[in-house]
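First the structure, in the form of structure tokens, and then the observations on it.
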Amino acid sequence: MSTSSEKKNPKGQEGSDEGPGTLYIGRIPHGFYETQMREYFSQFGTVTKLRLAKNKKTGHSKHYAFVEFESAGVADIVARTMNKYLLFGHILQARVVPQEQVHPNLWKNAGKRFKVIPRAKMQAAGLRQPQERKTWERRVQREEKRRLEKAEKLKKLGYDFDMPKLKQVKDVPTRKTKVGGNKGEEGAMTTEADDNIIKAIEATPATEEIVLSSLLNKSKPTSAVRPAADNKRVKMKG
């Protein structure tokens with residue numbers, strides 16, 4: 001009887017069924033995502049939480065995850081079964097995480113759908129917006145500093161190269177806008193030259209009307225000549 005109780009006790013100590021058990025799984029292959037992992041590990045026991053680590057920018061898998069089972073004993077069995085298990089050409093790494101080492105933020109965003117932030121579109125939208133002169137001055141200063149550092153490095157290597165100078169912001173003329181001027185499509189104030197171009201474009205239908213009217217006027221004299229010629233003929237006959 002003592003031998004049977006001694007065999008049961010170590011099992012209970014290894015994976016005590018009191019409370020949940022957390023499992024770390026590493027070297028996860030592509031295609032084995034949250035849905036597939038939940039379905040696969042549910043055959044061992046109830047899965048309460050599951051979090052697959054992902055890249056914040058791209059949303060791609062980082063190839064490791066944490067799975068919480070309802071029973072710590074089940075987590076211990078899964079760790080011993082799945083450790084060094086070959087899956088899609090990847091040898092999995094599985095081990096039980098002690099409960100005292102489970103961080104509160106470990107399950108942050110677990111079970112939530114990852115939404116990729118369109119950072120490229122946001123950056124492009126920011127570049128399209130008109131910038132103030134102070135912003136361009138800071139950019140020019142940074143670029144000049146970068147070029148000086150590169151020139152110093154080249155001198156140490158034996159190359160004496162003069163970097164081309166950048167055009168200063170103060171040398172660029174400011175855009176003169178009308179008081180309460182028109183706004184373009186992107187919300188920027190239009191200059192007098194832009195207003196002249198817009199007026200010229202808007203005036204094109206008027207020029208077409210002038211051309212048509214001139215053509216009609218040219219045709220009128222020809223029709224007026226005919227009666228005069230007819231009158232001459234009538235006079236000749238008389």
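Chain labels follow the order of the structure tokens: the first chain is A, the next B, and so on; residue numbering restarts at 1 in every chain, and ligands are counted from 1 in their shown order.
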Per DSSP on the backbone, filter region 108-153 of chain A down to the residues in alpha helix (DSSP H) and report them as a PyMOL selection string.
-> chain A and resi 119-128+133-153
Could you work out how far CA of Lys54 (chain A) lies from CA of Gly126 (chain A), giving the answer in Å with one decimal?
->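 About the pair CA of Gly126 (chain A) and CA of Lys54 (chain A): they are 26.7 Å apart.
Each of A:Thr22, A:Gln131, A:Thr35, A:Ser61 was checked against Thr48 (chain A) using only C-alpha atoms; the smallest atom-to-atom distance is that of A:Thr22.
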Expressed in Å to a single decimal, how great is the separation between CA of Phe32 (chain A) and CA of Gly19 (chain A)?
->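 Computed distance, CA of Phe32 (chain A) to CA of Gly19 (chain A), equals 27.1 Å.
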